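This is run-v6.tsv (TSV, C-alpha atoms and all ligand atoms).
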chain	number	residue	atom	x	y	z
A	288	MET	CA	0.00	0.00	0.00
A	289	GLN	CA	1.29	3.46	-0.87
A	290	GLU	CA	2.22	5.62	2.13
A	291	ARG	CA	0.03	8.65	2.71
A	292	THR	CA	1.74	11.96	1.91
A	293	THR	CA	-1.05	14.46	2.66
A	294	PHE	CA	-2.18	15.15	6.22
A	295	ASP	CA	-4.40	17.51	8.16
A	296	VAL	CA	-1.52	18.18	10.53
A	297	ILE	CA	2.20	17.43	10.54
A	298	ILE	CA	3.77	17.57	14.00
A	299	ILE	CA	7.50	18.21	13.90
A	300	GLY	CA	9.08	16.83	17.07
A	301	GLY	CA	7.69	13.60	18.54
A	302	SER	CA	8.71	13.73	22.17
A	303	TYR	CA	6.32	14.56	25.04
A	304	ALA	CA	4.73	17.73	23.60
A	305	GLY	CA	4.48	16.38	20.06
A	306	LEU	CA	3.07	13.00	21.10
A	307	SER	CA	0.53	14.68	23.34
A	308	ALA	CA	-0.66	16.87	20.44
A	309	ALA	CA	-0.79	13.75	18.26
A	310	MET	CA	-2.99	11.90	20.74
A	311	CYS	CA	-5.43	14.81	20.95
A	312	LEU	CA	-5.62	15.15	17.16
A	313	GLY	CA	-5.83	11.39	16.68
A	314	ARG	CA	-8.84	11.34	18.97
A	315	ALA	CA	-10.29	14.22	16.93
A	316	LEU	CA	-10.18	11.92	13.87
A	317	ARG	CA	-7.52	13.98	12.07
A	318	GLN	CA	-4.96	12.54	9.69
A	319	VAL	CA	-1.72	13.24	11.54
A	320	LEU	CA	1.97	12.60	10.90
A	321	VAL	CA	4.63	12.94	13.60
A	322	LEU	CA	8.23	13.45	12.47
A	323	ASP	CA	10.92	12.92	15.09
A	324	MET	CA	14.68	12.66	15.04
A	325	GLY	CA	14.97	11.11	18.50
A	326	GLN	CA	17.03	13.73	20.35
A	327	PRO	CA	14.94	14.85	23.38
A	328	CYS	CA	16.76	17.23	25.70
A	329	ASN	CA	16.52	14.93	28.76
A	330	ARG	CA	17.96	11.83	27.09
A	331	GLN	CA	20.99	11.65	29.41
A	332	THR	CA	18.94	11.78	32.62
A	333	PRO	CA	18.69	8.38	34.31
A	334	HIS	CA	15.30	9.10	35.94
A	335	SER	CA	12.58	11.64	35.25
A	336	HIS	CA	10.62	13.08	38.17
A	337	ASN	CA	7.61	15.25	38.97
A	338	PHE	CA	5.21	13.86	36.36
A	339	LEU	CA	2.24	12.09	37.91
A	340	THR	CA	2.02	8.34	37.20
A	341	GLN	CA	5.57	8.27	35.76
A	342	ASP	CA	7.68	9.52	38.69
A	343	GLY	CA	11.15	7.96	38.60
A	344	GLU	CA	10.72	6.38	35.15
A	345	THR	CA	13.45	6.69	32.54
A	346	PRO	CA	12.78	9.43	29.96
A	347	ALA	CA	12.87	6.81	27.19
A	348	ALA	CA	10.31	4.56	28.93
A	349	ILE	CA	7.85	7.46	29.23
A	350	ALA	CA	8.31	8.32	25.55
A	351	GLN	CA	7.99	4.68	24.45
A	352	LYS	CA	4.76	4.20	26.36
A	353	ALA	CA	3.39	7.46	24.98
A	354	ARG	CA	4.35	6.49	21.44
A	355	ALA	CA	2.71	3.05	21.73
A	356	GLN	CA	-0.52	4.66	22.95
A	357	VAL	CA	-0.48	7.28	20.18
A	358	GLN	CA	0.23	4.70	17.47
A	359	ALA	CA	-2.85	2.75	18.50
A	360	TYR	CA	-4.79	5.42	16.57
A	361	SER	CA	-4.75	4.29	12.94
A	362	ASN	CA	-5.08	7.88	11.69
A	363	VAL	CA	-1.78	8.87	13.37
A	364	SER	CA	1.53	7.84	11.87
A	365	PHE	CA	5.03	8.32	13.21
A	366	ARG	CA	8.28	8.49	11.28
A	367	ASN	CA	11.86	8.58	12.55
A	368	ASP	CA	12.83	11.35	10.20
A	369	ALA	CA	13.88	14.99	10.45
A	370	ALA	CA	12.04	17.89	8.87
A	371	LEU	CA	14.65	19.75	6.81
A	372	GLN	CA	12.64	22.32	4.94
A	373	VAL	CA	9.15	23.80	5.03
A	374	THR	CA	7.54	25.88	2.29
A	375	GLY	CA	4.02	27.12	1.63
A	376	GLN	CA	1.44	28.74	3.82
A	377	ASN	CA	-1.61	28.11	5.97
A	378	ARG	CA	-3.72	25.22	4.55
A	379	ASP	CA	-0.91	24.30	2.13
A	380	PHE	CA	2.43	23.52	3.74
A	381	THR	CA	5.05	21.25	2.18
A	382	VAL	CA	7.61	19.54	4.42
A	383	THR	CA	10.76	17.96	3.00
A	384	THR	CA	12.45	15.43	5.25
A	385	ALA	CA	16.03	14.19	5.63
A	386	SER	CA	15.08	10.88	3.98
A	387	GLY	CA	13.75	12.77	0.95
A	388	SER	CA	10.00	12.49	1.59
A	389	ILE	CA	7.83	15.36	0.42
A	390	LEU	CA	4.75	15.71	2.59
A	391	LYS	CA	1.81	18.09	2.65
A	392	ALA	CA	-0.33	19.41	5.52
A	393	SER	CA	-2.91	22.09	6.27
A	394	LYS	CA	-1.36	22.90	9.64
A	395	LEU	CA	1.99	22.44	11.36
A	396	ILE	CA	2.84	22.05	15.03
A	397	PHE	CA	6.42	22.57	16.13
A	398	ALA	CA	7.20	20.57	19.28
A	399	THR	CA	10.91	20.63	18.62
A	400	GLY	CA	12.22	21.71	22.03
A	401	ILE	CA	15.41	23.60	22.77
A	402	ARG	CA	19.09	22.77	22.67
A	403	ASP	CA	21.14	23.55	25.79
A	404	LEU	CA	24.47	25.16	25.00
A	405	MET	CA	27.14	23.53	27.13
A	406	PRO	CA	29.96	25.67	28.53
A	407	PRO	CA	33.46	24.69	27.34
A	408	ILE	CA	34.37	22.95	30.60
A	409	LYS	CA	35.93	19.51	30.32
A	410	GLY	CA	33.55	16.87	31.69
A	411	PHE	CA	30.54	19.19	31.90
A	412	SER	CA	28.44	17.70	29.12
A	413	GLU	CA	29.08	14.14	30.36
A	414	CYS	CA	27.64	15.13	33.77
A	415	TRP	CA	24.65	17.04	32.33
A	416	GLY	CA	21.37	15.59	33.59
A	417	ILE	CA	23.18	13.09	35.84
A	418	SER	CA	25.00	15.13	38.49
A	419	VAL	CA	24.90	18.57	36.86
A	420	LEU	CA	21.24	19.47	37.09
A	421	HIS	CA	18.99	22.06	35.50
A	422	CYS	CA	16.00	22.08	37.83
A	423	PRO	CA	15.44	21.41	41.55
A	424	TYR	CA	11.78	20.48	40.99
A	425	CYS	CA	12.92	17.63	38.71
A	426	HIS	CA	16.00	16.46	40.63
A	427	GLY	CA	16.38	18.41	43.90
A	428	TYR	CA	14.60	15.93	46.18
A	429	GLU	CA	17.13	13.16	45.46
A	430	VAL	CA	20.12	15.35	46.40
A	431	SER	CA	18.54	17.44	49.16
A	432	GLY	CA	20.87	18.26	52.06
A	433	LYS	CA	24.05	17.60	50.03
A	434	GLU	CA	26.48	20.38	49.21
A	435	PHE	CA	25.50	22.03	45.90
A	436	GLY	CA	27.71	23.96	43.52
A	437	ILE	CA	25.87	26.63	41.54
A	438	LEU	CA	27.48	27.55	38.24
A	439	ALA	CA	26.27	31.11	37.73
A	440	ASN	CA	27.09	34.75	38.32
A	441	GLY	CA	25.28	38.03	39.05
A	442	GLU	CA	21.50	38.25	39.23
A	443	MET	CA	20.95	34.69	37.98
A	444	ALA	CA	23.31	33.36	40.66
A	445	PHE	CA	21.48	35.26	43.38
A	446	GLU	CA	18.09	33.96	42.22
A	447	LEU	CA	19.40	30.39	42.06
A	448	VAL	CA	20.84	30.64	45.58
A	449	LYS	CA	17.46	31.83	46.88
A	450	LEU	CA	15.69	28.95	45.14
A	451	LEU	CA	18.16	26.19	45.92
A	452	GLN	CA	18.59	26.92	49.65
A	453	ASN	CA	15.10	25.38	49.86
A	454	TRP	CA	16.79	22.02	49.12
A	455	SER	CA	20.20	22.52	50.79
A	456	LYS	CA	21.85	25.06	53.08
A	457	LYS	CA	25.35	24.05	51.89
A	458	LEU	CA	25.84	26.14	48.77
A	459	THR	CA	28.94	27.18	46.82
A	460	LEU	CA	28.67	29.67	44.00
A	461	LEU	CA	31.05	29.02	41.10
A	462	THR	CA	31.26	32.35	39.28
A	463	LYS	CA	34.06	31.43	36.80
A	464	GLY	CA	35.85	34.74	37.34
A	465	PRO	CA	35.17	37.85	39.46
A	466	HIS	CA	31.62	37.87	40.79
A	467	THR	CA	29.16	40.51	39.61
A	468	LEU	CA	26.85	40.47	42.65
A	469	THR	CA	25.67	43.77	44.10
A	470	PRO	CA	27.00	44.69	47.58
A	471	GLU	CA	23.54	43.94	49.02
A	472	GLN	CA	23.41	40.51	47.34
A	473	GLU	CA	26.94	39.78	48.59
A	474	ARG	CA	25.86	40.71	52.12
A	475	GLN	CA	22.87	38.36	51.92
A	476	LEU	CA	25.00	35.50	50.64
A	477	GLN	CA	27.41	36.01	53.54
A	478	HIS	CA	24.44	36.00	55.92
A	479	TYR	CA	23.33	32.62	54.54
A	480	GLN	CA	26.95	31.36	54.54
A	481	VAL	CA	27.07	30.79	50.82
A	482	ALA	CA	30.68	30.35	49.67
A	483	VAL	CA	31.67	32.28	46.54
A	484	GLU	CA	34.41	30.66	44.45
A	485	GLU	CA	35.64	33.05	41.77
A	486	LYS	CA	38.37	30.91	40.21
A	487	GLU	CA	38.03	29.84	36.57
A	488	VAL	CA	36.75	26.27	36.33
A	489	ALA	CA	38.94	23.91	34.29
A	490	GLU	CA	37.27	20.52	34.65
A	491	PHE	CA	34.38	18.59	36.12
A	492	VAL	CA	36.10	15.37	37.18
A	493	HIS	CA	33.55	12.55	37.02
A	494	ASP	CA	32.97	8.83	36.85
A	495	GLN	CA	30.39	8.04	34.15
A	496	GLY	CA	28.70	11.40	34.64
A	497	GLN	CA	28.80	11.29	38.47
A	498	LEU	CA	30.69	14.42	39.49
A	499	GLN	CA	33.54	13.82	41.95
A	500	GLN	CA	35.28	17.18	42.12
A	501	VAL	CA	35.69	20.49	40.38
A	502	THR	CA	39.23	21.37	39.28
A	503	PHE	CA	40.08	25.04	38.85
A	504	GLN	CA	42.51	26.49	36.34
A	505	ASP	CA	45.11	27.15	39.05
A	506	GLY	CA	45.15	23.40	39.78
A	507	SER	CA	43.24	23.61	43.07
A	508	THR	CA	40.16	21.42	43.57
A	509	ARG	CA	36.85	21.42	45.42
A	510	LYS	CA	34.93	18.26	46.27
A	511	LEU	CA	31.42	18.64	44.89
A	512	THR	CA	29.09	15.90	43.70
A	513	THR	CA	26.10	18.03	42.66
A	514	VAL	CA	26.08	21.21	40.60
A	515	PHE	CA	23.07	23.18	39.38
A	516	ALA	CA	23.44	25.23	36.21
A	517	ARG	CA	21.04	27.18	34.04
A	518	LEU	CA	22.41	27.13	30.53
A	519	PRO	CA	21.88	29.42	27.57
A	520	PHE	CA	19.91	27.72	24.80
A	521	GLU	CA	18.84	27.95	21.20
A	522	GLN	CA	15.80	26.61	19.40
A	523	HIS	CA	16.50	22.96	18.57
A	524	CYS	CA	14.97	23.43	15.14
A	525	PRO	CA	15.68	26.52	13.03
A	526	LEU	CA	12.63	26.05	10.76
A	527	PRO	CA	10.07	28.16	12.71
A	528	GLN	CA	12.36	31.18	12.59
A	529	ALA	CA	13.11	30.57	8.90
A	530	LEU	CA	9.33	30.60	8.33
A	531	GLY	CA	9.02	33.96	10.10
A	532	CYS	CA	7.72	32.82	13.51
A	533	ALA	CA	8.68	35.52	16.02
A	534	LEU	CA	10.78	34.74	19.07
A	535	ALA	CA	10.05	36.20	22.51
A	536	ALA	CA	12.88	38.05	24.27
A	537	SER	CA	13.58	34.86	26.24
A	538	GLY	CA	14.43	32.99	23.01
A	539	HIS	CA	11.22	30.93	23.08
A	540	LEU	CA	8.80	30.87	20.16
A	541	GLN	CA	6.10	33.47	20.69
A	542	VAL	CA	2.58	31.97	20.88
A	543	ASP	CA	-0.84	33.31	21.77
A	544	ALA	CA	-3.27	31.75	24.25
A	545	PHE	CA	-4.23	29.20	21.54
A	546	GLN	CA	-0.67	27.97	20.88
A	547	ARG	CA	-0.59	29.87	17.57
A	548	THR	CA	2.78	31.29	16.54
A	549	THR	CA	2.88	34.61	14.72
A	550	VAL	CA	2.60	32.79	11.36
A	551	PRO	CA	-0.93	31.62	10.40
A	552	GLY	CA	-1.31	27.84	10.38
A	553	ILE	CA	1.80	27.22	12.51
A	554	TYR	CA	1.42	26.26	16.17
A	555	ALA	CA	3.97	25.34	18.84
A	556	ALA	CA	4.16	23.56	22.20
A	557	GLY	CA	6.60	22.36	24.83
A	558	ASP	CA	10.08	23.62	25.67
A	559	ALA	CA	10.24	25.53	22.38
A	560	ILE	CA	7.69	27.99	23.79
A	561	SER	CA	7.89	27.73	27.56
A	562	LYS	CA	10.11	28.79	30.45
A	563	LEU	CA	8.30	26.23	32.61
A	564	ARG	CA	10.43	23.31	31.59
A	565	GLY	CA	8.99	19.95	32.53
A	566	VAL	CA	7.41	16.87	31.00
A	567	SER	CA	3.99	17.62	32.51
A	568	ALA	CA	4.01	21.18	31.10
A	569	ALA	CA	5.06	19.90	27.66
A	570	VAL	CA	2.28	17.31	27.70
A	571	ALA	CA	-0.30	19.92	28.74
A	572	GLN	CA	0.76	22.34	26.01
A	573	GLY	CA	0.74	19.52	23.44
A	574	THR	CA	-2.86	18.72	24.32
A	575	ALA	CA	-3.77	22.40	24.04
A	576	ALA	CA	-2.04	22.71	20.64
A	577	GLY	CA	-3.88	19.65	19.35
A	578	ALA	CA	-7.26	20.94	20.52
A	579	PHE	CA	-6.75	24.47	19.17
A	580	VAL	CA	-5.50	23.24	15.79
A	581	ASN	CA	-8.57	21.04	15.56
A	582	LYS	CA	-10.81	23.96	16.51
A	583	ASP	CA	-9.23	26.16	13.81
A	584	LEU	CA	-9.67	23.37	11.22
A	585	ILE	CA	-13.33	23.08	12.19
A	586	ASP	CA	-13.88	26.85	12.06
A	587	GLU	CA	-12.25	27.10	8.62
A	588	ARG	CA	-14.41	24.35	7.13
A	589	PHE	CA	-17.77	24.58	8.91
B	601	LIG	C1	18.92	17.19	31.63
B	601	LIG	C2	17.43	17.37	31.77
B	601	LIG	C3	16.73	16.65	32.72
B	601	LIG	C4	15.35	16.84	32.85
B	601	LIG	N1	14.66	16.16	33.81
B	601	LIG	C5	13.32	16.33	33.92
B	601	LIG	C6	12.58	15.62	34.92
B	601	LIG	O1	13.13	14.86	35.73
B	601	LIG	N2	11.25	15.85	34.97
B	601	LIG	C7	10.59	16.70	34.12
B	601	LIG	O2	9.37	16.86	34.22
B	601	LIG	N3	11.28	17.37	33.17
B	601	LIG	C8	12.62	17.20	33.06
B	601	LIG	N4	13.31	17.90	32.11
B	601	LIG	C9	12.58	18.79	31.21
B	601	LIG	C10	11.91	17.95	30.10
B	601	LIG	O3	12.82	17.02	29.61
B	601	LIG	C11	11.42	18.86	28.97
B	601	LIG	O4	10.56	19.86	29.51
B	601	LIG	C12	10.68	18.03	27.91
B	601	LIG	O5	11.54	17.07	27.35
B	601	LIG	C13	10.13	18.95	26.83
B	601	LIG	O6	9.48	18.17	25.88
B	601	LIG	P1	9.38	18.64	24.36
B	601	LIG	O7	8.57	17.60	23.68
B	601	LIG	O8	8.95	20.05	24.30
B	601	LIG	O9	10.90	18.66	23.83
B	601	LIG	P2	11.98	17.48	23.76
B	601	LIG	O10	11.66	16.41	24.74
B	601	LIG	O11	13.32	18.12	23.86
B	601	LIG	O12	11.78	16.87	22.31
B	601	LIG	C14	11.92	17.59	21.12
B	601	LIG	C15	11.97	16.57	20.00
B	601	LIG	O13	11.92	17.26	18.74
B	601	LIG	C16	12.82	16.60	17.87
B	601	LIG	N5	13.18	17.50	16.76
B	601	LIG	C17	13.83	18.70	16.83
B	601	LIG	N6	13.97	19.22	15.59
B	601	LIG	C18	13.40	18.32	14.74
B	601	LIG	C19	13.23	18.27	13.32
B	601	LIG	N7	13.68	19.25	12.53
B	601	LIG	N8	12.62	17.20	12.76
B	601	LIG	C20	12.17	16.17	13.55
B	601	LIG	N9	12.30	16.18	14.89
B	601	LIG	C21	12.91	17.23	15.48
B	601	LIG	C22	14.00	16.24	18.77
B	601	LIG	O14	14.81	15.25	18.19
B	601	LIG	C23	13.26	15.75	20.02
B	601	LIG	O15	12.97	14.38	19.94
B	601	LIG	C24	14.68	17.74	31.97
B	601	LIG	C25	15.39	18.45	31.02
B	601	LIG	C26	16.76	18.29	30.92
B	601	LIG	C27	17.53	19.08	29.90

As structure tokens, how would this structure be written, given the file I've shared?
Ligand SMILES: Cc1cc2nc3c(=O)[nH]c(=O)nc-3n(C[C@H](O)[C@H](O)[C@H](O)COP(=O)(O)OP(=O)(O)OC[C@H]3O[C@@H](n4cnc5c(N)ncnc54)[C@H](O)[C@@H]3O)c2cc1C
Amino acid sequence: MQERTTFDVIIIGGSYAGLSAAMCLGRALRQVLVLDMGQPCNRQTPHSHNFLTQDGETPAAIAQKARAQVQAYSNVSFRNDAALQVTGQNRDFTVTTASGSILKASKLIFATGIRDLMPPIKGFSECWGISVLHCPYCHGYEVSGKEFGILANGEMAFELVKLLQNWSKKLTLLTKGPHTLTPEQERQLQHYQVAVEEKEVAEFVHDQGQLQQVTFQDGSTRKLTTVFARLPFEQHCPLPQALGCALAASGHLQVDAFQRTTVPGIYAAGDAISKLRGVSAAVAQGTAAGAFVNKDLIDERF
């Protein structure tokens, strides 16, 4: 049988947000294709937390279960393929994939996430998601009470200290050079006995991603097994910007209350649009995107 090439909706990105949109649209009887290149941002994390019914599961197990449930809908198909190019406009988009397929859809949903930009510190990326953590709501409970390093400076560092002292009182700020805290912030950190380490960091020494110590450029070391870091990021997929979708000042895709980007017919969900970074938020936004796309399809044709 020939594979379908025309769909109501093509969802680009088939992790939590994309699969959630696919389930909603599948249940709305739409012809849906999900394209995914299998690089979710949390793939290195051994256990995912703070998502009801799946607490402590591996990220891959959650995605596999979601995919099996979505693929039970015969009107939803899933391809391990990357979207390389998109042309056209609302009601008539054409998507070209890495494998050479040319596919058409009335609407597009981008659930393509973000890409964290790792600092050039030896060992950092190997520890990311294992012992170097992005979010205390996802991973703070497991390490509560331990000494935390916080890789940040200035206002961001101060905000992270305030947040993280909820999980541990033993905090060391790693500012990678002279700190840029205000005198008042410095006074508060002293009050809460937060150590400030201004030396340049040379290496995160680790064993299979488990941090053992931080080595500074002057050769000195500090024993730390948990570090929190908030990294700069870029959109994982450049296509929405190439299509003219506006970015918010934060670097996320700008959407309205109905998950619509600034380009008609293109919607977005998940980390690509949201500062609230978590599987449950991505799933919720995916459902919303699916429902609002379906509503717009109904309104256009009724
Ligand atoms: C290290 C780490 C640990 C985390 N731990 C937790 C946790 O414990 N609990 C929790 O709730 N949250 C956690 N999060 C946050 C959570 O992982 C994200 O909020 C969630 O993955 C966002 O889902 P998403 O579908 O928007 O994006 P992603 O899961 O990042 O998926 C985006 C998908 O789009 C695909 N894609 C991108 N471009 C294209 C293209 N052109 N064509 C086809 N496919 C494409 C990618 O390959 C990827 O599969 C963690 C995040 C990180 C970074």

Within 7 Å of ligand LIG 601 (chain B), counting only C-alpha atoms and all ligand atoms: which residues, as an mmCIF file with C-alpha atoms, in the frame of the given file?
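Okay, pocket21.cif is ready:
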data_model
loop_
_atom_site.group_PDB
_atom_site.id
_atom_site.type_symbol
_atom_site.label_atom_id
_atom_site.label_comp_id
_atom_site.auth_asym_id
_atom_site.auth_seq_id
_atom_site.Cartn_x
_atom_site.Cartn_y
_atom_site.Cartn_z
ATOM 1 C CA ILE A 299 7.500 18.210 13.900
ATOM 2 C CA GLY A 300 9.080 16.830 17.070
ATOM 3 C CA GLY A 301 7.690 13.600 18.540
ATOM 4 C CA SER A 302 8.710 13.730 22.170
ATOM 5 C CA TYR A 303 6.320 14.560 25.040
ATOM 6 C CA ALA A 304 4.730 17.730 23.600
ATOM 7 C CA GLY A 305 4.480 16.380 20.060
ATOM 8 C CA LEU A 322 8.230 13.450 12.470
ATOM 9 C CA ASP A 323 10.920 12.920 15.090
ATOM 10 C CA MET A 324 14.680 12.660 15.040
ATOM 11 C CA GLY A 325 14.970 11.110 18.500
ATOM 12 C CA GLN A 326 17.030 13.730 20.350
ATOM 13 C CA PRO A 327 14.940 14.850 23.380
ATOM 14 C CA CYS A 328 16.760 17.230 25.700
ATOM 15 C CA ASN A 329 16.520 14.930 28.760
ATOM 16 C CA GLN A 331 20.990 11.650 29.410
ATOM 17 C CA THR A 332 18.940 11.780 32.620
ATOM 18 C CA HIS A 334 15.300 9.100 35.940
ATOM 19 C CA SER A 335 12.580 11.640 35.250
ATOM 20 C CA HIS A 336 10.620 13.080 38.170
ATOM 21 C CA ASN A 337 7.610 15.250 38.970
ATOM 22 C CA PHE A 338 5.210 13.860 36.360
ATOM 23 C CA ASP A 368 12.830 11.350 10.200
ATOM 24 C CA ALA A 369 13.880 14.990 10.450
ATOM 25 C CA ALA A 370 12.040 17.890 8.870
ATOM 26 C CA LEU A 371 14.650 19.750 6.810
ATOM 27 C CA ALA A 398 7.200 20.570 19.280
ATOM 28 C CA THR A 399 10.910 20.630 18.620
ATOM 29 C CA GLY A 400 12.220 21.710 22.030
ATOM 30 C CA ILE A 401 15.410 23.600 22.770
ATOM 31 C CA TRP A 415 24.650 17.040 32.330
ATOM 32 C CA GLY A 416 21.370 15.590 33.590
ATOM 33 C CA LEU A 420 21.240 19.470 37.090
ATOM 34 C CA HIS A 421 18.990 22.060 35.500
ATOM 35 C CA CYS A 425 12.920 17.630 38.710
ATOM 36 C CA HIS A 426 16.000 16.460 40.630
ATOM 37 C CA HIS A 523 16.500 22.960 18.570
ATOM 38 C CA CYS A 524 14.970 23.430 15.140
ATOM 39 C CA ALA A 556 4.160 23.560 22.200
ATOM 40 C CA GLY A 557 6.600 22.360 24.830
ATOM 41 C CA ASP A 558 10.080 23.620 25.670
ATOM 42 C CA ALA A 559 10.240 25.530 22.380
ATOM 43 C CA ARG A 564 10.430 23.310 31.590
ATOM 44 C CA GLY A 565 8.990 19.950 32.530
ATOM 45 C CA VAL A 566 7.410 16.870 31.000
ATOM 46 C CA SER A 567 3.990 17.620 32.510
ATOM 47 C CA ALA A 568 4.010 21.180 31.100
ATOM 48 C CA ALA A 569 5.060 19.900 27.660
#

Please provide as a PDB file with C-alpha atoms, keeping the file's coordinate frame all residues within 9 Å of segment 572-585 of chain A, with the sequence filter that same-chain residues fewer than 2 positions apart are discarded (counting all atoms listed in the file).
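The result, stored in around_11.pdb:
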ATOM      1  CA  ASP A 295      -4.400  17.510   8.160  1.00  0.00           C
ATOM      2  CA  VAL A 296      -1.520  18.180  10.530  1.00  0.00           C
ATOM      3  CA  TYR A 303       6.320  14.560  25.040  1.00  0.00           C
ATOM      4  CA  ALA A 304       4.730  17.730  23.600  1.00  0.00           C
ATOM      5  CA  GLY A 305       4.480  16.380  20.060  1.00  0.00           C
ATOM      6  CA  LEU A 306       3.070  13.000  21.100  1.00  0.00           C
ATOM      7  CA  SER A 307       0.530  14.680  23.340  1.00  0.00           C
ATOM      8  CA  ALA A 308      -0.660  16.870  20.440  1.00  0.00           C
ATOM      9  CA  ALA A 309      -0.790  13.750  18.260  1.00  0.00           C
ATOM     10  CA  MET A 310      -2.990  11.900  20.740  1.00  0.00           C
ATOM     11  CA  CYS A 311      -5.430  14.810  20.950  1.00  0.00           C
ATOM     12  CA  LEU A 312      -5.620  15.150  17.160  1.00  0.00           C
ATOM     13  CA  GLY A 313      -5.830  11.390  16.680  1.00  0.00           C
ATOM     14  CA  ALA A 315     -10.290  14.220  16.930  1.00  0.00           C
ATOM     15  CA  ARG A 317      -7.520  13.980  12.070  1.00  0.00           C
ATOM     16  CA  SER A 393      -2.910  22.090   6.270  1.00  0.00           C
ATOM     17  CA  LYS A 394      -1.360  22.900   9.640  1.00  0.00           C
ATOM     18  CA  LEU A 395       1.990  22.440  11.360  1.00  0.00           C
ATOM     19  CA  ILE A 396       2.840  22.050  15.030  1.00  0.00           C
ATOM     20  CA  ALA A 398       7.200  20.570  19.280  1.00  0.00           C
ATOM     21  CA  PHE A 545      -4.230  29.200  21.540  1.00  0.00           C
ATOM     22  CA  GLN A 546      -0.670  27.970  20.880  1.00  0.00           C
ATOM     23  CA  ARG A 547      -0.590  29.870  17.570  1.00  0.00           C
ATOM     24  CA  GLY A 552      -1.310  27.840  10.380  1.00  0.00           C
ATOM     25  CA  ILE A 553       1.800  27.220  12.510  1.00  0.00           C
ATOM     26  CA  TYR A 554       1.420  26.260  16.170  1.00  0.00           C
ATOM     27  CA  ALA A 555       3.970  25.340  18.840  1.00  0.00           C
ATOM     28  CA  ALA A 556       4.160  23.560  22.200  1.00  0.00           C
ATOM     29  CA  GLY A 557       6.600  22.360  24.830  1.00  0.00           C
ATOM     30  CA  SER A 567       3.990  17.620  32.510  1.00  0.00           C
ATOM     31  CA  ALA A 568       4.010  21.180  31.100  1.00  0.00           C
ATOM     32  CA  ALA A 569       5.060  19.900  27.660  1.00  0.00           C
ATOM     33  CA  VAL A 570       2.280  17.310  27.700  1.00  0.00           C
ATOM     34  CA  GLU A 587     -12.250  27.100   8.620  1.00  0.00           C
ATOM     35  CA  ARG A 588     -14.410  24.350   7.130  1.00  0.00           C
ATOM     36  CA  PHE A 589     -17.770  24.580   8.910  1.00  0.00           C
TER      37      PHE A 589
END

Exercise. Counting only C-alpha atoms, which of A:Leu458, A:Leu534, A:Ile408, A:Val514 gets nearest to Glu487 of chain A?
Worked result: A:Ile408

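Between atom CA of Pro346 of chain A and atom CA of Gly538 of chain A there is a distance of 24.6 Å.
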
For this session: Excluding Tyr428 of chain A and residues on its chain fewer than 5 positions from it, collect all residues at most 10 Å away from it, counting all atoms listed in the file, and give them as a PyMOL selection string.
Result: chain A and resi 336+423+454-455

Output C-alpha atoms for every residue in that selection, as a PDB file, keeping the file's coordinate frame.
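Just written: out_5.pdb:
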ATOM      1  CA  HIS A 336      10.620  13.080  38.170  1.00  0.00           C
ATOM      2  CA  PRO A 423      15.440  21.410  41.550  1.00  0.00           C
ATOM      3  CA  TRP A 454      16.790  22.020  49.120  1.00  0.00           C
ATOM      4  CA  SER A 455      20.200  22.520  50.790  1.00  0.00           C
TER       5      SER A 455
END

Problem set entry | Computed interatomic separation between atom CA of Arg402 of chain A and atom CA of Met443 of chain A (Å) | 19.5 Å

Problem set entry | Of the listed residues A:Lys409, A:Arg378, A:Lys433, A:His478, that which approaches Ile297 of chain A most closely, counting all atoms listed in the file | A:Arg378

For this session: Determine the nearest neighbour of Glu442 of chain A from the options A:Ser418, A:Thr462, A:Thr467, A:Thr513, counting all atoms listed in the file.
Result: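 Under the stated criterion, the closest residue is A:Thr467.
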
Exercise. Of the residues A:Lys486, A:Arg509, A:Lys449, A:Arg291, which is the one nearest to Pro465 of chain A, using all atoms listed in the file?
Worked result: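 Residue with the minimum atom-to-atom distance to Pro465 of chain A: A:Lys486.
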
For this session: Report the distance between atom CA of Lys463 of chain A and atom CA of Ile560 of chain A in Å, rounded to one decimal place.
Result: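 Between atom CA of Lys463 of chain A and atom CA of Ile560 of chain A the gap works out to 29.6 Å.
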
Problem set entry | Nearby residues (only C-alpha atoms) at most 12 Å from Arg474 of chain A, same-chain spacing under 6 positions excluded, as a PyMOL selection string | chain A and resi 445+468+480-483

Exercise. Of the candidates A:Leu476, A:Gly410, A:Thr384, A:Ala353, which one gets nearest to Arg366 of chain A if we count only C-alpha atoms?
Worked result: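 The answer is A:Thr384, which sits nearest to Arg366 of chain A.
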
For this session: Identify which of the residues A:Glu521, A:Glu490, A:Glu473, A:Glu290 lies closest to Thr502 of chain A, counting all atoms listed in the file when measuring atom-to-atom distances.
Result: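 For Thr502 of chain A, the nearest of the given residues is A:Glu490.
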
Problem set entry | Leu530 of chain A surroundings by all atoms listed in the file, 9 Å radius, close-in-sequence under 2 positions cut, as a list in words |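 My list of contacting residues is Val373, Thr374, Pro525, Leu526, Pro527, Gln528, Cys532 and Val550 of chain A.
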
Store the residues picked out above, limited to C-alpha atoms, as a short mmCIF file (atom, residue, chain, number, x, y, z; two decimals), in the frame of the given file.
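As written to disk, again32.cif reads:
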data_model
loop_
_atom_site.label_atom_id
_atom_site.label_comp_id
_atom_site.auth_asym_id
_atom_site.auth_seq_id
_atom_site.Cartn_x
_atom_site.Cartn_y
_atom_site.Cartn_z
CA VAL A 373 9.15 23.80 5.03
CA THR A 374 7.54 25.88 2.29
CA PRO A 525 15.68 26.52 13.03
CA LEU A 526 12.63 26.05 10.76
CA PRO A 527 10.07 28.16 12.71
CA GLN A 528 12.36 31.18 12.59
CA CYS A 532 7.72 32.82 13.51
CA VAL A 550 2.60 32.79 11.36
#
